[in-house]
>>> print(open('work_26.cif').read())   # mmCIF, C-alpha atoms and all ligand atoms
data_coords
#
loop_
_atom_site.group_PDB
_atom_site.id
_atom_site.type_symbol
_atom_site.label_atom_id
_atom_site.label_comp_id
_atom_site.auth_asym_id
_atom_site.auth_seq_id
_atom_site.Cartn_x
_atom_site.Cartn_y
_atom_site.Cartn_z
ATOM 1 C CA MET A 1 128.284 10.769 11.700
ATOM 2 C CA LEU A 2 129.216 11.279 15.327
ATOM 3 C CA ALA A 3 132.860 10.762 16.133
ATOM 4 C CA GLN A 4 133.358 7.637 18.190
ATOM 5 C CA THR A 5 134.261 8.387 21.778
ATOM 6 C CA GLU A 6 137.637 7.051 22.851
ATOM 7 C CA MET A 7 137.597 5.523 26.285
ATOM 8 C CA LEU A 8 141.346 5.219 26.778
ATOM 9 C CA SER A 9 143.511 8.335 26.647
ATOM 10 C CA LYS A 10 147.128 8.382 25.457
ATOM 11 C CA ALA A 11 148.211 8.393 29.104
ATOM 12 C CA ASP A 12 146.004 5.351 29.825
ATOM 13 C CA GLY A 13 147.709 3.354 27.072
ATOM 14 C CA GLU A 14 146.457 0.163 25.442
ATOM 15 C CA ALA A 15 143.869 -2.202 26.909
ATOM 16 C CA VAL A 16 145.847 -5.374 26.273
ATOM 17 C CA ALA A 17 149.426 -6.267 27.130
ATOM 18 C CA VAL A 18 151.419 -9.219 25.827
ATOM 19 C CA ASP A 19 154.529 -10.572 27.558
ATOM 20 C CA ASN A 20 156.883 -12.951 25.719
ATOM 21 C CA PRO A 21 155.119 -12.639 22.346
ATOM 22 C CA ASP A 22 157.812 -14.801 20.721
ATOM 23 C CA ALA A 23 157.792 -17.584 23.312
ATOM 24 C CA ALA A 24 157.981 -21.092 21.881
ATOM 25 C CA GLY A 25 156.134 -23.135 24.549
ATOM 26 C CA ASP A 26 152.708 -24.729 24.086
ATOM 27 C CA VAL A 27 151.108 -22.972 27.063
ATOM 28 C CA LEU A 28 149.288 -19.699 26.420
ATOM 29 C CA LEU A 29 148.754 -17.835 29.708
ATOM 30 C CA VAL A 30 145.880 -15.409 30.160
ATOM 31 C CA CYS A 31 145.209 -13.051 33.063
ATOM 32 C CA GLU A 32 141.860 -11.282 32.814
ATOM 33 C CA HIS A 33 141.986 -9.627 36.248
ATOM 34 C CA ALA A 34 145.643 -8.598 36.252
ATOM 35 C CA SER A 35 145.217 -4.917 37.024
ATOM 36 C CA ARG A 36 143.444 -2.508 39.366
ATOM 37 C CA ARG A 37 144.144 0.459 37.055
ATOM 38 C CA LEU A 38 141.190 2.658 36.084
ATOM 39 C CA PRO A 39 141.111 4.738 32.892
ATOM 40 C CA GLN A 40 141.497 8.445 33.763
ATOM 41 C CA ARG A 41 137.969 9.391 32.699
ATOM 42 C CA TYR A 42 136.411 7.298 35.492
ATOM 43 C CA GLY A 43 138.260 8.868 38.444
ATOM 44 C CA THR A 44 137.681 6.550 41.406
ATOM 45 C CA LEU A 45 134.192 5.345 40.355
ATOM 46 C CA GLY A 46 133.150 6.783 43.725
ATOM 47 C CA LEU A 47 135.033 4.065 45.614
ATOM 48 C CA SER A 48 137.344 4.306 48.621
ATOM 49 C CA GLU A 49 141.039 3.520 48.342
ATOM 50 C CA GLU A 50 140.342 0.360 50.373
ATOM 51 C CA ALA A 51 137.809 -0.879 47.817
ATOM 52 C CA LEU A 52 139.985 0.140 44.872
ATOM 53 C CA SER A 53 142.923 -1.897 46.135
ATOM 54 C CA SER A 54 140.810 -4.917 47.101
ATOM 55 C CA HIS A 55 139.894 -8.057 45.169
ATOM 56 C CA ILE A 56 136.787 -6.378 43.749
ATOM 57 C CA ALA A 57 139.078 -4.335 41.481
ATOM 58 C CA TRP A 58 141.555 -7.083 40.485
ATOM 59 C CA ASP A 59 143.132 -10.413 41.382
ATOM 60 C CA PRO A 60 146.001 -9.366 43.674
ATOM 61 C CA GLY A 61 149.194 -11.318 42.943
ATOM 62 C CA ALA A 62 147.822 -13.093 39.861
ATOM 63 C CA LEU A 63 149.816 -11.117 37.293
ATOM 64 C CA ALA A 64 153.090 -11.554 39.194
ATOM 65 C CA VAL A 65 152.560 -15.325 39.346
ATOM 66 C CA ALA A 66 151.565 -15.431 35.662
ATOM 67 C CA GLN A 67 154.696 -13.467 34.686
ATOM 68 C CA LEU A 68 156.946 -15.864 36.596
ATOM 69 C CA MET A 69 155.178 -18.827 34.980
ATOM 70 C CA ALA A 70 155.542 -17.227 31.540
ATOM 71 C CA ARG A 71 159.323 -17.265 32.007
ATOM 72 C CA GLN A 72 159.411 -20.779 33.473
ATOM 73 C CA LEU A 73 157.208 -22.281 30.762
ATOM 74 C CA ASP A 74 158.528 -20.191 27.850
ATOM 75 C CA ALA A 75 154.922 -19.084 27.432
ATOM 76 C CA THR A 76 153.233 -16.050 25.923
ATOM 77 C CA LEU A 77 151.110 -14.161 28.462
ATOM 78 C CA ILE A 78 148.149 -11.986 27.467
ATOM 79 C CA TYR A 79 146.698 -9.735 30.160
ATOM 80 C CA GLN A 80 144.160 -6.967 30.583
ATOM 81 C CA ARG A 81 145.669 -3.636 31.724
ATOM 82 C CA PHE A 82 142.473 -2.253 33.306
ATOM 83 C CA SER A 83 140.313 -3.138 36.276
ATOM 84 C CA ARG A 84 137.409 -5.541 36.124
ATOM 85 C CA LEU A 85 135.401 -2.748 37.785
ATOM 86 C CA ILE A 86 135.190 -1.151 34.321
ATOM 87 C CA TYR A 87 134.599 -4.432 32.482
ATOM 88 C CA ASP A 88 135.204 -8.003 33.677
ATOM 89 C CA CYS A 89 136.893 -9.607 30.668
ATOM 90 C CA ASN A 90 136.011 -13.116 31.877
ATOM 91 C CA ARG A 91 132.307 -12.392 31.283
ATOM 92 C CA PRO A 92 130.358 -12.004 28.057
ATOM 93 C CA PRO A 93 128.693 -8.635 27.376
ATOM 94 C CA GLU A 94 125.215 -10.035 28.066
ATOM 95 C CA SER A 95 126.210 -11.131 31.606
ATOM 96 C CA PRO A 96 125.115 -8.857 34.478
ATOM 97 C CA ALA A 97 128.534 -9.659 36.014
ATOM 98 C CA ALA A 98 130.417 -8.001 33.123
ATOM 99 C CA ILE A 99 129.884 -4.588 34.731
ATOM 100 C CA ARG A 100 128.761 -4.699 38.368
ATOM 101 C CA ASP A 101 127.135 -1.912 40.335
ATOM 102 C CA VAL A 102 127.512 -4.005 43.496
ATOM 103 C CA SER A 103 130.577 -6.178 44.028
ATOM 104 C CA GLU A 104 130.515 -8.398 47.113
ATOM 105 C CA ILE A 105 129.921 -5.868 49.927
ATOM 106 C CA PHE A 106 130.803 -2.729 47.937
ATOM 107 C CA ARG A 107 128.429 -0.457 46.007
ATOM 108 C CA VAL A 108 130.089 0.905 42.866
ATOM 109 C CA PRO A 109 128.518 4.356 42.339
ATOM 110 C CA GLY A 110 130.262 4.953 38.995
ATOM 111 C CA ASN A 111 128.620 1.824 37.570
ATOM 112 C CA GLU A 112 125.037 2.639 38.540
ATOM 113 C CA ASN A 113 122.374 3.266 35.898
ATOM 114 C CA LEU A 114 124.693 2.981 32.897
ATOM 115 C CA ASN A 115 123.116 3.550 29.511
ATOM 116 C CA ASN A 116 123.662 1.319 26.496
ATOM 117 C CA ALA A 117 126.185 3.694 24.929
ATOM 118 C CA GLU A 118 128.404 3.519 28.024
ATOM 119 C CA ARG A 119 128.072 -0.265 28.210
ATOM 120 C CA SER A 120 129.037 -0.700 24.602
ATOM 121 C CA LEU A 121 131.927 1.755 24.992
ATOM 122 C CA ARG A 122 133.336 -0.377 27.791
ATOM 123 C CA THR A 123 132.740 -3.586 25.851
ATOM 124 C CA SER A 124 134.402 -2.308 22.691
ATOM 125 C CA SER A 125 137.304 -0.681 24.554
ATOM 126 C CA LEU A 126 138.293 -3.481 26.940
ATOM 127 C CA TYR A 127 136.522 -6.786 26.267
ATOM 128 C CA LEU A 128 136.615 -7.020 22.476
ATOM 129 C CA PRO A 129 140.316 -6.161 22.032
ATOM 130 C CA PHE A 130 141.247 -8.537 24.859
ATOM 131 C CA GLN A 131 139.352 -11.599 23.668
ATOM 132 C CA GLY A 132 140.238 -10.649 20.080
ATOM 133 C CA ARG A 133 143.955 -10.725 20.920
ATOM 134 C CA ILE A 134 143.632 -14.218 22.407
ATOM 135 C CA ARG A 135 141.688 -15.415 19.341
ATOM 136 C CA GLU A 136 144.344 -13.969 17.029
ATOM 137 C CA GLU A 137 147.200 -15.544 18.998
ATOM 138 C CA ILE A 138 145.600 -18.993 18.852
ATOM 139 C CA ALA A 139 144.857 -18.600 15.111
ATOM 140 C CA VAL A 140 148.463 -17.643 14.318
ATOM 141 C CA ARG A 141 149.762 -20.612 16.285
ATOM 142 C CA ARG A 142 147.367 -22.938 14.506
ATOM 143 C CA ALA A 143 148.482 -21.560 11.151
ATOM 144 C CA HIS A 144 152.040 -22.520 12.148
ATOM 145 C CA SER A 145 150.894 -25.988 13.303
ATOM 146 C CA ARG A 146 151.642 -25.068 16.910
ATOM 147 C CA GLU A 147 149.767 -26.496 19.875
ATOM 148 C CA THR A 148 148.012 -24.239 22.380
ATOM 149 C CA VAL A 149 147.269 -25.182 25.973
ATOM 150 C CA LEU A 150 145.114 -22.374 27.346
ATOM 151 C CA VAL A 151 145.722 -21.574 31.028
ATOM 152 C CA THR A 152 144.060 -18.671 32.832
ATOM 153 C CA ILE A 153 145.507 -17.402 36.121
ATOM 154 C CA HIS A 154 143.350 -15.880 38.869
ATOM 155 C CA SER A 155 143.432 -15.209 42.602
ATOM 156 C CA PHE A 156 140.597 -15.237 45.113
ATOM 157 C CA THR A 157 140.002 -13.564 48.437
ATOM 158 C CA PRO A 158 140.535 -15.662 51.610
ATOM 159 C CA VAL A 159 137.364 -14.239 53.165
ATOM 160 C CA TYR A 160 134.187 -13.814 51.093
ATOM 161 C CA PHE A 161 130.982 -12.400 52.564
ATOM 162 C CA GLY A 162 132.583 -12.942 55.974
ATOM 163 C CA ARG A 163 133.327 -16.644 55.396
ATOM 164 C CA LYS A 164 136.864 -17.980 55.485
ATOM 165 C CA ARG A 165 137.917 -20.186 52.570
ATOM 166 C CA GLU A 166 140.134 -23.186 53.336
ATOM 167 C CA VAL A 167 140.970 -24.139 49.740
ATOM 168 C CA GLU A 168 144.360 -22.758 48.661
ATOM 169 C CA ILE A 169 144.430 -23.488 44.949
ATOM 170 C CA GLY A 170 141.430 -24.184 42.738
ATOM 171 C CA ILE A 171 141.752 -26.132 39.497
ATOM 172 C CA LEU A 172 138.707 -25.161 37.456
ATOM 173 C CA HIS A 173 137.313 -26.615 34.271
ATOM 174 C CA ASP A 174 134.207 -26.620 32.161
ATOM 175 C CA ARG A 175 133.089 -29.574 30.003
ATOM 176 C CA ASP A 176 136.660 -30.554 29.110
ATOM 177 C CA SER A 177 138.389 -31.751 32.287
ATOM 178 C CA ARG A 178 141.399 -33.542 30.722
ATOM 179 C CA LEU A 179 144.078 -31.142 31.936
ATOM 180 C CA ALA A 180 142.323 -30.407 35.252
ATOM 181 C CA ASP A 181 142.064 -34.158 35.991
ATOM 182 C CA ALA A 182 145.764 -34.662 35.289
ATOM 183 C CA MET A 183 146.705 -31.669 37.456
ATOM 184 C CA LEU A 184 144.512 -32.766 40.354
ATOM 185 C CA ALA A 185 146.018 -36.255 40.235
ATOM 186 C CA ALA A 186 149.556 -34.841 40.271
ATOM 187 C CA ALA A 187 148.718 -32.204 42.911
ATOM 188 C CA SER A 188 147.730 -34.806 45.492
ATOM 189 C CA ARG A 189 151.438 -35.399 46.094
ATOM 190 C CA HIS A 190 152.066 -31.773 47.057
ATOM 191 C CA LEU A 191 151.574 -29.557 50.090
ATOM 192 C CA TYR A 192 148.978 -27.075 48.861
ATOM 193 C CA ARG A 193 145.327 -27.751 49.510
ATOM 194 C CA VAL A 194 144.152 -28.106 45.899
ATOM 195 C CA GLU A 195 140.508 -28.661 44.957
ATOM 196 C CA ARG A 196 138.403 -29.098 41.840
ATOM 197 C CA ASN A 197 136.112 -26.237 40.785
ATOM 198 C CA GLU A 198 136.622 -24.314 44.051
ATOM 199 C CA PRO A 199 135.971 -21.660 45.246
ATOM 200 C CA TYR A 200 134.026 -21.201 41.987
ATOM 201 C CA GLY A 201 132.974 -23.453 39.174
ATOM 202 C CA PRO A 202 131.452 -23.316 35.708
ATOM 203 C CA ALA A 203 127.964 -22.764 37.192
ATOM 204 C CA ASP A 204 129.216 -19.375 38.424
ATOM 205 C CA GLY A 205 130.019 -18.334 34.864
ATOM 206 C CA VAL A 206 133.759 -18.123 35.476
ATOM 207 C CA THR A 207 134.924 -20.274 32.575
ATOM 208 C CA HIS A 208 134.021 -17.765 29.866
ATOM 209 C CA THR A 209 137.519 -17.399 28.351
ATOM 210 C CA LEU A 210 137.912 -21.191 28.244
ATOM 211 C CA GLU A 211 134.475 -21.619 26.658
ATOM 212 C CA LEU A 212 135.189 -18.983 24.080
ATOM 213 C CA HIS A 213 138.559 -20.233 22.840
ATOM 214 C CA ALA A 214 139.455 -23.684 24.149
ATOM 215 C CA LEU A 215 136.262 -25.762 24.135
ATOM 216 C CA PRO A 216 135.214 -25.158 20.498
ATOM 217 C CA ALA A 217 138.744 -25.943 19.266
ATOM 218 C CA GLY A 218 139.365 -28.914 21.589
ATOM 219 C CA LEU A 219 142.417 -27.237 23.162
ATOM 220 C CA LEU A 220 143.664 -28.512 26.503
ATOM 221 C CA ASN A 221 142.650 -25.881 29.032
ATOM 222 C CA VAL A 222 142.370 -25.035 32.696
ATOM 223 C CA MET A 223 141.607 -22.088 34.959
ATOM 224 C CA ILE A 224 143.772 -21.733 38.066
ATOM 225 C CA GLU A 225 142.600 -19.849 41.176
ATOM 226 C CA ILE A 226 145.161 -19.080 43.912
ATOM 227 C CA ARG A 227 144.128 -17.791 47.352
ATOM 228 C CA ASN A 228 145.555 -14.293 47.358
ATOM 229 C CA ASP A 229 147.042 -14.343 50.883
ATOM 230 C CA LEU A 230 149.503 -16.978 49.591
ATOM 231 C CA ILE A 231 150.801 -14.687 46.828
ATOM 232 C CA ALA A 232 150.809 -11.338 48.626
ATOM 233 C CA ASP A 233 154.605 -11.036 48.414
ATOM 234 C CA GLU A 234 157.372 -12.069 46.059
ATOM 235 C CA ALA A 235 158.391 -15.112 48.113
ATOM 236 C CA GLY A 236 154.865 -16.516 47.995
ATOM 237 C CA GLN A 237 154.538 -15.712 44.296
ATOM 238 C CA VAL A 238 157.741 -17.608 43.498
ATOM 239 C CA VAL A 239 156.630 -20.683 45.466
ATOM 240 C CA ALA A 240 153.196 -20.718 43.798
ATOM 241 C CA ALA A 241 154.602 -20.158 40.295
ATOM 242 C CA ASP A 242 157.221 -22.916 40.728
ATOM 243 C CA PHE A 243 154.537 -25.318 41.934
ATOM 244 C CA LEU A 244 152.057 -24.506 39.172
ATOM 245 C CA SER A 245 154.606 -24.541 36.353
ATOM 246 C CA GLN A 246 155.864 -27.930 37.487
ATOM 247 C CA LEU A 247 152.296 -29.234 37.828
ATOM 248 C CA LEU A 248 151.445 -28.048 34.313
ATOM 249 C CA ARG A 249 154.614 -29.534 32.805
ATOM 250 C CA GLU A 250 153.998 -32.926 34.436
ATOM 251 C CA SER A 251 150.308 -32.971 33.536
ATOM 252 C CA ILE A 252 150.738 -31.888 29.919
ATOM 253 C CA SER A 253 153.501 -34.385 29.342
ATOM 254 C CA ALA A 254 151.397 -37.190 30.912
ATOM 255 C CA LEU A 255 148.510 -36.329 28.570
ATOM 256 C CA THR A 256 150.774 -36.126 25.531
ATOM 257 C CA LYS A 257 152.212 -39.572 26.325
ATOM 258 C CA GLN A 258 148.709 -41.007 26.705
ATOM 259 C CA ASN A 259 147.787 -39.574 23.326
ATOM 260 C CA ASN A 260 150.879 -40.981 21.687
ATOM 261 C CA ASN A 261 150.015 -44.403 23.070
ATOM 262 C CA GLY A 262 146.602 -44.037 21.472
ATOM 263 C CA CYS A 263 144.728 -44.621 24.722
ATOM 264 C CA ALA A 264 143.253 -41.163 25.240
HETATM 265 ZN ZN ZN A 301 139.895 -13.580 38.513
#
>>> encode(input="work_26.cif", output="structure tokens", more="lines below")
Ligand SMILES: [Zn+2]
Amino acid sequence: MLAQTEMLSKADGEAVAVDNPDAAGDVLLVCEHASRRLPQRYGTLGLSEEALSSHIAWDPGALAVAQLMARQLDATLIYQRFSRLIYDCNRPPESPAAIRDVSEIFRVPGNENLNNAERSLRTSSLYLPFQGRIREEIAVRRAHSRETVLVTIHSFTPVYFGRKREVEIGILHDRDSRLADAMLAAASRHLYRVERNEPYGPADGVTHTLELHALPAGLLNVMIEIRNDLIADEAGQVVAADFLSQLLRESISALTKQNNNGCA
């Protein structure tokens, strides 16, 4: 039998990171596009430094906001340590968007003409351990009769294909809009421009993590997209995290009250 190729070297480290593993809160935070890091074996994928630091490689600011929220909400945070240029963990293996050879305006030479062995190496090295860790976390919580509210944190680029985006925060949902509805209702009292299923929605295939773990189990869930120019520095990250943590707290407690009154 051929020895299985290892994608990640010792220096690369693990694919998945977990912050606050012993947190007691109901919210489970997930950040699929936390990192722009590439495993050593891929070099630069043939990309310029500009492309490698841009939103095609990661969601700038998203991890910092998620880490602040993890502390504020006493929440566990699971995040991917490698770039979505290698594998986009918010896409299933059969999706053409899981590994892109063109991302927005950038060609990705290192992703062109990949064979099946390379695709499955990337899937088994990054995607499977990541989604597996989320599945395991939710199962352990369920075994201890603990609730899970699944919240994924993303950022988006202010200019896409040359068009400026006015929305500042997107509250995204798939078939289950309970938490998104509550958040949108509460958000109308705040300063950010918050919109439903913008700048993406379920038709764009962006709710994969929610579909995989929250919808089948009936868990409250939402995907949050923050325009990345608002969270480019620590001050902006703190403001966004404070706002979103408060919005989640209010919305979850409103839903829990509704449930307890038997009118949900
Ligand atoms: Zn993202």
>>> closest_residue(input="work_26.cif", among="A:Asn260, A:Asn20, A:Asn113, A:Thr123", to="Leu77 in chain A", atoms="all atoms listed in the file")
A:Asn20
>>> closest_atom_pairs(input="work_26.cif", of="chain A", to="ligand ZN 301 (chain A)", cutoff="10 Å", atoms="all atoms listed in the file", output="CSV")
residue,atom,partner,partner_atom,distance
A:Cys31,CA,A:ZN301,ZN,7.6
A:Glu32,CA,A:ZN301,ZN,6.5
A:His33,CA,A:ZN301,ZN,5.0
A:Ala34,CA,A:ZN301,ZN,7.9
A:His55,CA,A:ZN301,ZN,8.6
A:Ile56,CA,A:ZN301,ZN,9.4
A:Ala57,CA,A:ZN301,ZN,9.7
A:Trp58,CA,A:ZN301,ZN,7.0
A:Asp59,CA,A:ZN301,ZN,5.4
A:Pro60,CA,A:ZN301,ZN,9.0
A:Ala62,CA,A:ZN301,ZN,8.1
A:Arg84,CA,A:ZN301,ZN,8.7
A:Asp88,CA,A:ZN301,ZN,8.7
A:Cys89,CA,A:ZN301,ZN,9.3
A:Asn90,CA,A:ZN301,ZN,7.7
A:Thr152,CA,A:ZN301,ZN,8.7
A:Ile153,CA,A:ZN301,ZN,7.2
A:His154,CA,A:ZN301,ZN,4.2
A:Ser155,CA,A:ZN301,ZN,5.6
A:Phe156,CA,A:ZN301,ZN,6.8
A:Thr157,CA,A:ZN301,ZN,9.9
A:Val206,CA,A:ZN301,ZN,8.2
A:Met223,CA,A:ZN301,ZN,9.4
A:Ile224,CA,A:ZN301,ZN,9.0
A:Glu225,CA,A:ZN301,ZN,7.3
A:Ile226,CA,A:ZN301,ZN,9.3
>>> write_last_selection(input="work_26.cif", atoms="C-alpha atoms", output="tab-separated table (two decimals), in the frame of the given file")
chain	number	residue	atom	x	y	z
A	31	CYS	CA	145.21	-13.05	33.06
A	32	GLU	CA	141.86	-11.28	32.81
A	33	HIS	CA	141.99	-9.63	36.25
A	34	ALA	CA	145.64	-8.60	36.25
A	55	HIS	CA	139.89	-8.06	45.17
A	56	ILE	CA	136.79	-6.38	43.75
A	57	ALA	CA	139.08	-4.34	41.48
A	58	TRP	CA	141.56	-7.08	40.48
A	59	ASP	CA	143.13	-10.41	41.38
A	60	PRO	CA	146.00	-9.37	43.67
A	62	ALA	CA	147.82	-13.09	39.86
A	84	ARG	CA	137.41	-5.54	36.12
A	88	ASP	CA	135.20	-8.00	33.68
A	89	CYS	CA	136.89	-9.61	30.67
A	90	ASN	CA	136.01	-13.12	31.88
A	152	THR	CA	144.06	-18.67	32.83
A	153	ILE	CA	145.51	-17.40	36.12
A	154	HIS	CA	143.35	-15.88	38.87
A	155	SER	CA	143.43	-15.21	42.60
A	156	PHE	CA	140.60	-15.24	45.11
A	157	THR	CA	140.00	-13.56	48.44
A	206	VAL	CA	133.76	-18.12	35.48
A	223	MET	CA	141.61	-22.09	34.96
A	224	ILE	CA	143.77	-21.73	38.07
A	225	GLU	CA	142.60	-19.85	41.18
A	226	ILE	CA	145.16	-19.08	43.91
>>> residues_around(input="work_26.cif", residues="Glu112 in chain A", least_positions_apart="3", cutoff="12 Å", atoms="only C-alpha atoms", output="count of residues only")
15
>>> closest_residue(input="work_26.cif", among="A:Ala23, A:Phe82, A:Thr209, A:Ile105", to="Gly162 in chain A", atoms="all atoms listed in the file")
A:Ile105
>>> atom_distance(input="work_26.cif", atom1="CA of Leu248 in chain A", atom2="CA of Ala64 in chain A")
17.3 Å
>>> resolve_selection(input="work_26.cif", expression="the PyMOL selection byres (((chain A and resi 147) around 10) and not hetatm)", output="compact mmCIF listing (two decimals) with C-alpha atoms, in the coordinates of the input")
# COMPACT_ATOMS: atom_id res chain seq x y z
CA GLY A 25 156.13 -23.14 24.55
CA ASP A 26 152.71 -24.73 24.09
CA VAL A 27 151.11 -22.97 27.06
CA LEU A 28 149.29 -19.70 26.42
CA ILE A 138 145.60 -18.99 18.85
CA ARG A 141 149.76 -20.61 16.28
CA ARG A 142 147.37 -22.94 14.51
CA HIS A 144 152.04 -22.52 12.15
CA SER A 145 150.89 -25.99 13.30
CA ARG A 146 151.64 -25.07 16.91
CA THR A 148 148.01 -24.24 22.38
CA VAL A 149 147.27 -25.18 25.97
CA LEU A 150 145.11 -22.37 27.35
CA LEU A 219 142.42 -27.24 23.16
CA LEU A 220 143.66 -28.51 26.50
>>> atom_distance(input="work_26.cif", atom1="CA of Ala17 in chain A", atom2="CA of Arg81 in chain A")
6.5 Å
>>> residues_around(input="work_26.cif", residues="Leu121 in chain A", least_positions_apart="5", cutoff="12 Å", atoms="all atoms listed in the file", output="PyMOL selection string")
chain A and resi 4-8+86-87+93+99+114-116+126-129
>>> closest_residue(input="work_26.cif", among="A:Ile171, A:Ser120, A:Ser35, A:Ile231", to="Glu94 in chain A", atoms="all atoms listed in the file")
A:Ser120
>>> closest_residue(input="work_26.cif", among="A:Asp74, A:Glu14, A:Glu250, A:Glu166", to="Glu198 in chain A", atoms="all atoms listed in the file")
A:Glu166
>>> residues_near_point(input="work_26.cif", point="(157.5, -21.7, 39.7)", cutoff="10 Å", atoms="only C-alpha atoms", output="PyMOL selection string")
chain A and resi 65-66+68-73+237-247
>>> write_last_selection(input="work_26.cif", atoms="C-alpha atoms", output="PDB file, in the coordinates of the input")
ATOM      1  CA  VAL A  65     152.560 -15.325  39.346  1.00  0.00           C
ATOM      2  CA  ALA A  66     151.565 -15.431  35.662  1.00  0.00           C
ATOM      3  CA  LEU A  68     156.946 -15.864  36.596  1.00  0.00           C
ATOM      4  CA  MET A  69     155.178 -18.827  34.980  1.00  0.00           C
ATOM      5  CA  ALA A  70     155.542 -17.227  31.540  1.00  0.00           C
ATOM      6  CA  ARG A  71     159.323 -17.265  32.007  1.00  0.00           C
ATOM      7  CA  GLN A  72     159.411 -20.779  33.473  1.00  0.00           C
ATOM      8  CA  LEU A  73     157.208 -22.281  30.762  1.00  0.00           C
ATOM      9  CA  GLN A 237     154.538 -15.712  44.296  1.00  0.00           C
ATOM     10  CA  VAL A 238     157.741 -17.608  43.498  1.00  0.00           C
ATOM     11  CA  VAL A 239     156.630 -20.683  45.466  1.00  0.00           C
ATOM     12  CA  ALA A 240     153.196 -20.718  43.798  1.00  0.00           C
ATOM     13  CA  ALA A 241     154.602 -20.158  40.295  1.00  0.00           C
ATOM     14  CA  ASP A 242     157.221 -22.916  40.728  1.00  0.00           C
ATOM     15  CA  PHE A 243     154.537 -25.318  41.934  1.00  0.00           C
ATOM     16  CA  LEU A 244     152.057 -24.506  39.172  1.00  0.00           C
ATOM     17  CA  SER A 245     154.606 -24.541  36.353  1.00  0.00           C
ATOM     18  CA  GLN A 246     155.864 -27.930  37.487  1.00  0.00           C
ATOM     19  CA  LEU A 247     152.296 -29.234  37.828  1.00  0.00           C
TER      20      LEU A 247
END
>>> atom_distance(input="work_26.cif", atom1="CA of Asp174 in chain A", atom2="CA of Phe106 in chain A")
28.8 Å
>>> closest_residue(input="work_26.cif", among="A:Thr256, A:Asn221, A:Asn261, A:Gln40", to="Ala11 in chain A", atoms="all atoms listed in the file")
A:Gln40
>>> closest_residue(input="work_26.cif", among="A:Asp233, A:Asp12, A:Glu136, A:Asp19", to="Thr76 in chain A", atoms="only C-alpha atoms")
A:Asp19
>>> axis_aligned_box(input="work_26.cif", around="range 164-171 of chain A", padding_each_side="6 Å", output="lines of an AutoDock Vina configuration file")
center_x = 140.6
center_y = -22.1
center_z = 47.5
size_x = 19.6
size_y = 20.2
size_z = 28.0
>>> resolve_selection(input="work_26.cif", expression="the PyMOL selection byres (((chain A and resi 176) around 9) and not hetatm)", output="number ranges by chain")
A: 173-175, 177-180, 214-215, 218-222
>>> residues_around(input="work_26.cif", residues="Leu255 in chain A", least_positions_apart="2", cutoff="8 Å", atoms="all atoms listed in the file", output="count of residues only")
10
